[in-house]
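One file, target.cif, carrying mmCIF, C-alpha atoms:
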data_input
#
loop_
_atom_site.label_atom_id
_atom_site.label_comp_id
_atom_site.auth_asym_id
_atom_site.auth_seq_id
_atom_site.Cartn_x
_atom_site.Cartn_y
_atom_site.Cartn_z
CA MET G 27 -23.23 -14.69 15.15
CA GLY G 28 -26.52 -14.51 13.29
CA ARG G 29 -27.59 -16.32 10.19
CA THR G 30 -26.29 -13.51 7.94
CA GLY G 31 -22.80 -13.78 9.47
CA THR G 32 -22.77 -17.55 9.01
CA THR G 33 -23.96 -17.24 5.41
CA ARG G 34 -21.35 -14.57 4.68
CA ARG G 35 -18.59 -16.70 6.23
CA ARG G 36 -19.66 -19.74 4.19
CA ALA G 37 -19.68 -17.68 0.99
CA LEU G 38 -16.16 -16.42 1.67
CA ILE G 39 -14.92 -19.93 2.46
CA LEU G 40 -16.51 -21.32 -0.71
CA THR G 41 -15.05 -18.49 -2.77
CA GLY G 42 -11.58 -19.18 -1.39
CA ALA G 43 -11.97 -22.91 -1.98
CA ALA G 44 -13.04 -22.31 -5.58
CA ALA G 45 -10.06 -20.05 -6.20
CA THR G 46 -7.72 -22.64 -4.70
CA ALA G 47 -9.22 -25.36 -6.89
CA LEU G 48 -8.60 -23.20 -9.96
CA LEU G 49 -4.91 -23.12 -9.15
CA THR G 50 -4.56 -26.84 -9.69
CA GLY G 51 -2.71 -27.31 -12.95
CA CYS G 52 -1.61 -23.69 -13.27
CA SER G 53 2.04 -24.63 -13.19
CA THR G 54 3.93 -26.31 -15.95
CA ASP G 55 6.15 -29.33 -15.53
CA GLU G 56 7.69 -28.95 -18.97
CA PRO G 57 11.47 -28.82 -18.62
CA GLU G 58 13.01 -25.67 -20.02
CA GLY G 59 15.32 -27.76 -22.20
CA LEU G 60 12.38 -29.05 -24.27
CA ARG G 61 11.41 -25.59 -25.45
CA THR G 62 12.98 -24.45 -28.67
CA ALA G 63 13.89 -20.90 -29.48
CA GLY G 64 10.91 -19.07 -30.91
CA SER G 65 8.42 -21.77 -29.84
CA ALA G 66 6.87 -19.62 -27.14
CA PRO G 67 6.63 -15.92 -26.46
CA ASP G 68 8.98 -14.39 -23.93
CA PRO G 69 7.39 -15.31 -20.58
CA ALA G 70 8.39 -12.03 -18.94
CA ARG G 71 6.80 -9.98 -21.73
CA ALA G 72 3.68 -12.13 -21.71
CA GLU G 73 3.31 -11.75 -17.95
CA ALA G 74 3.87 -7.99 -18.13
CA ALA G 75 1.18 -7.67 -20.80
CA LEU G 76 -1.22 -9.82 -18.80
CA ARG G 77 -0.55 -7.77 -15.65
CA ARG G 78 -1.15 -4.50 -17.56
CA ARG G 79 -4.43 -5.78 -18.98
CA LEU G 80 -5.69 -7.04 -15.63
CA ALA G 81 -4.51 -3.92 -13.79
CA ALA G 82 -6.52 -1.87 -16.30
CA THR G 83 -9.57 -4.07 -15.65
CA SER G 84 -9.23 -3.59 -11.90
CA GLY G 85 -8.46 0.10 -12.42
CA ALA G 86 -11.72 0.57 -14.29
CA LEU G 87 -13.54 -1.06 -11.36
CA ARG G 88 -11.75 1.24 -8.88
CA ASP G 89 -12.75 4.22 -11.01
CA GLN G 90 -16.35 3.01 -11.03
CA TYR G 91 -16.30 2.90 -7.22
CA ASP G 92 -15.01 6.48 -7.23
CA ALA G 93 -17.80 7.59 -9.55
CA VAL G 94 -20.49 5.92 -7.43
CA ILE G 95 -19.09 7.47 -4.24
CA ARG G 96 -19.02 10.91 -5.90
CA GLN G 97 -22.61 10.60 -7.15
CA HIS G 98 -23.96 8.97 -3.97
CA PRO G 99 -21.96 10.33 -0.99
CA ALA G 100 -24.31 8.54 1.42
CA LEU G 101 -22.74 5.25 0.25
CA THR G 102 -19.20 6.35 1.14
CA GLY G 103 -19.09 4.50 4.46
CA GLN G 104 -20.38 1.29 2.90
CA LEU G 105 -18.11 1.34 -0.15
CA THR G 106 -14.81 2.77 1.10
CA ALA G 107 -13.32 -0.52 2.33
CA LEU G 108 -14.28 -2.37 -0.87
CA ARG G 109 -12.89 0.44 -3.02
CA ALA G 110 -9.64 0.41 -1.02
CA ALA G 111 -9.27 -3.34 -1.58
CA VAL G 112 -9.77 -2.89 -5.32
CA ALA G 113 -7.15 -0.11 -5.33
CA GLU G 114 -4.74 -2.53 -3.62
CA HIS G 115 -5.44 -5.09 -6.35
CA VAL G 116 -4.56 -2.49 -8.98
CA THR G 117 -1.28 -1.78 -7.21
CA ALA G 118 -0.47 -5.48 -6.75
CA LEU G 119 -0.98 -6.03 -10.47
CA GLY G 120 1.35 -3.12 -11.28
CA GLY G 121 -1.14 -0.46 -12.31
CA THR G 122 -1.64 2.94 -10.76
CA THR G 123 -3.21 5.42 -13.15
CA ARG G 124 -6.76 6.07 -14.22
CA VAL G 125 -7.56 3.92 -17.21
CA ALA G 126 -10.80 5.12 -18.75
CA PRO G 127 -13.70 7.45 -18.16
CA PRO G 128 -16.09 5.77 -15.72
CA VAL G 129 -19.35 4.35 -16.92
CA PRO G 130 -22.45 6.40 -16.16
CA VAL G 131 -23.68 5.97 -12.59
CA PRO G 132 -27.38 5.25 -12.06
CA ALA G 133 -29.24 8.02 -10.26
CA ASP G 134 -30.75 5.51 -7.85
CA ALA G 135 -28.29 4.45 -5.12
CA GLY G 136 -29.57 0.86 -5.08
CA ALA G 137 -29.13 0.57 -8.83
CA ALA G 138 -25.61 2.02 -8.52
CA VAL G 139 -24.69 -0.64 -5.96
CA LYS G 140 -26.12 -3.37 -8.22
CA ALA G 141 -24.05 -2.01 -11.11
CA LEU G 142 -20.94 -2.17 -8.89
CA ALA G 143 -21.76 -5.78 -7.97
CA ALA G 144 -22.06 -6.66 -11.66
CA ALA G 145 -18.73 -4.93 -12.36
CA GLU G 146 -17.12 -6.87 -9.49
CA ARG G 147 -18.40 -10.14 -11.00
CA ARG G 148 -17.08 -9.24 -14.47
CA THR G 149 -13.69 -8.27 -13.04
CA SER G 150 -13.54 -11.43 -10.94
CA ASP G 151 -14.42 -13.50 -14.01
CA ALA G 152 -11.65 -11.79 -16.02
CA HIS G 153 -9.08 -12.58 -13.33
CA THR G 154 -10.29 -16.18 -13.10
CA ALA G 155 -10.10 -16.63 -16.87
CA ALA G 156 -6.54 -15.26 -16.88
CA LEU G 157 -5.36 -18.04 -14.55
CA VAL G 158 -4.87 -20.27 -17.58
CA ASP G 159 -2.24 -17.94 -19.04
CA ALA G 160 -0.52 -16.96 -15.80
CA GLU G 161 2.73 -18.23 -14.35
CA PRO G 162 2.30 -19.80 -10.88
CA GLU G 163 3.15 -16.70 -8.82
CA LEU G 164 0.82 -14.48 -10.81
CA ALA G 165 -1.84 -17.21 -10.81
CA ARG G 166 -1.85 -17.23 -7.01
CA LEU G 167 -2.31 -13.45 -6.97
CA LEU G 168 -5.09 -13.63 -9.56
CA ALA G 169 -6.89 -16.37 -7.64
CA SER G 170 -6.82 -14.20 -4.52
CA VAL G 171 -8.01 -11.12 -6.40
CA ALA G 172 -10.76 -13.11 -8.13
CA ALA G 173 -11.91 -14.55 -4.80
CA ALA G 174 -11.96 -11.09 -3.25
CA GLY G 175 -14.00 -9.78 -6.18
CA ALA G 176 -16.52 -12.59 -5.79
CA ALA G 177 -16.77 -11.81 -2.08
CA HIS G 178 -17.24 -8.10 -2.87
CA ALA G 179 -20.05 -8.94 -5.31
CA TYR G 180 -21.70 -11.04 -2.62
CA LEU G 181 -21.38 -8.29 -0.03
CA LEU G 182 -22.81 -5.72 -2.45
CA THR G 183 -25.83 -7.87 -3.26
CA LYS G 184 -26.62 -10.00 -0.23
CA GLY G 185 -24.19 -8.99 2.45
CA GLY G 186 -25.67 -5.69 3.44
CA ALA G 187 -23.27 -3.23 1.76
CA ARG G 188 -26.34 -1.47 0.36
#

What is this structure when it is put down as structure tokens?
Amino acid sequence: MGRTGTTRRRALILTGAAATALLTGCSTDEPEGLRTAGSAPDPARAEAALRRRLAATSGALRDQYDAVIRQHPALTGQLTALRAAVAEHVTALGGTTRVAPPVPVPADAGAAVKALAAAERRTSDAHTAALVDAEPELARLLASVAAAGAAHAYLLTKGGAR
């Protein structure tokens, strides 16, 4: 395996390690009996709202992939697997539909890939930030999705997906 493969593997390992480290402290040890009625929002409703928001964020990213692939068909082979992974994230978070009109796609293919990498970073950051508000099961999913997004951003910028 060449230097690029080793660097890519290290980046993926570091991304996974960072996501795992973020999970520390995501669970609560507060006994249910100490909570009083009305002291906290309904956890199921809060999780559903968080899932909808994050599914919409990932859905917008999926839609951006679609727009780039439509505008730059030559990138289809390079972007299809990443787009499919993002679509799986949307499904895992409970979303399925288109969420918003896609952002304009740069006419230059390289600039379009850079814009996708930036969108991957923003989406990954949103999922990472949401770990604080997530219940443990959702937090594990978000950490995985955030790590995948960071890896996608790496692949789009330095990993040769251009």

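Each of G:Ala165, G:Ala160, G:Ala135, G:Ala143 was checked against Thr102 (chain G) using only C-alpha atoms; the smallest atom-to-atom distance is that of G:Ala135.
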
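Minimum atom-to-atom distances from G:Leu108, G:Ala93, G:Ala100, G:Leu167 to Glu146 (chain G) were compared using only C-alpha atoms, and the lowest value belongs to G:Leu108.
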
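Of the residues listed (G:Ala152, G:Ala70, G:Leu76, G:Val112), G:Val112 shows the shortest atom-to-atom separation from Arg88 (chain G); distances use all atoms listed in the file.
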
Give the answer as one residue: which of G:His178, G:Arg78, G:His98, G:Arg71 has the shortest atom-to-atom distance to Thr149 (chain G), using all atoms listed in the file?
-> G:His178

For Ala176 (chain G), the closest of G:Ala110, G:Ala144, G:Val129, G:Ala137 counting all atoms listed in the file is G:Ala144

Would you pick out the contacts of region 122-124 of chain G at 10 Å or less, using all atoms listed in the file, so that residues sharing its chain but fewer than 4 positions from it are not included, and give the list as a short mmCIF file (atom, residue, chain, number, x, y, z; two decimals) with C-alpha atoms, in the frame of the given file?
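Contents of the output file result-v8.cif:
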data_model
loop_
_atom_site.label_atom_id
_atom_site.label_comp_id
_atom_site.auth_asym_id
_atom_site.auth_seq_id
_atom_site.Cartn_x
_atom_site.Cartn_y
_atom_site.Cartn_z
CA ALA G 81 -4.51 -3.92 -13.79
CA ALA G 82 -6.52 -1.87 -16.30
CA GLY G 85 -8.46 0.10 -12.42
CA ALA G 86 -11.72 0.57 -14.29
CA ARG G 88 -11.75 1.24 -8.88
CA ASP G 89 -12.75 4.22 -11.01
CA ALA G 113 -7.15 -0.11 -5.33
CA GLU G 114 -4.74 -2.53 -3.62
CA HIS G 115 -5.44 -5.09 -6.35
CA VAL G 116 -4.56 -2.49 -8.98
CA THR G 117 -1.28 -1.78 -7.21
CA ALA G 118 -0.47 -5.48 -6.75
CA PRO G 128 -16.09 5.77 -15.72
#

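Distances here use all atoms listed in the file; by that measure, the residue among G:Gln104, G:Thr183, G:Ser170, G:Thr83 closest to Lys140 (chain G) is G:Thr183.
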
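Coordinates place CA of Leu142 (chain G) at a distance of 13.0 Å from CA of Lys184 (chain G).
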
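Taking CA of Val94 (chain G) as the reference point, CA of Ala138 (chain G) is found at 6.5 Å.
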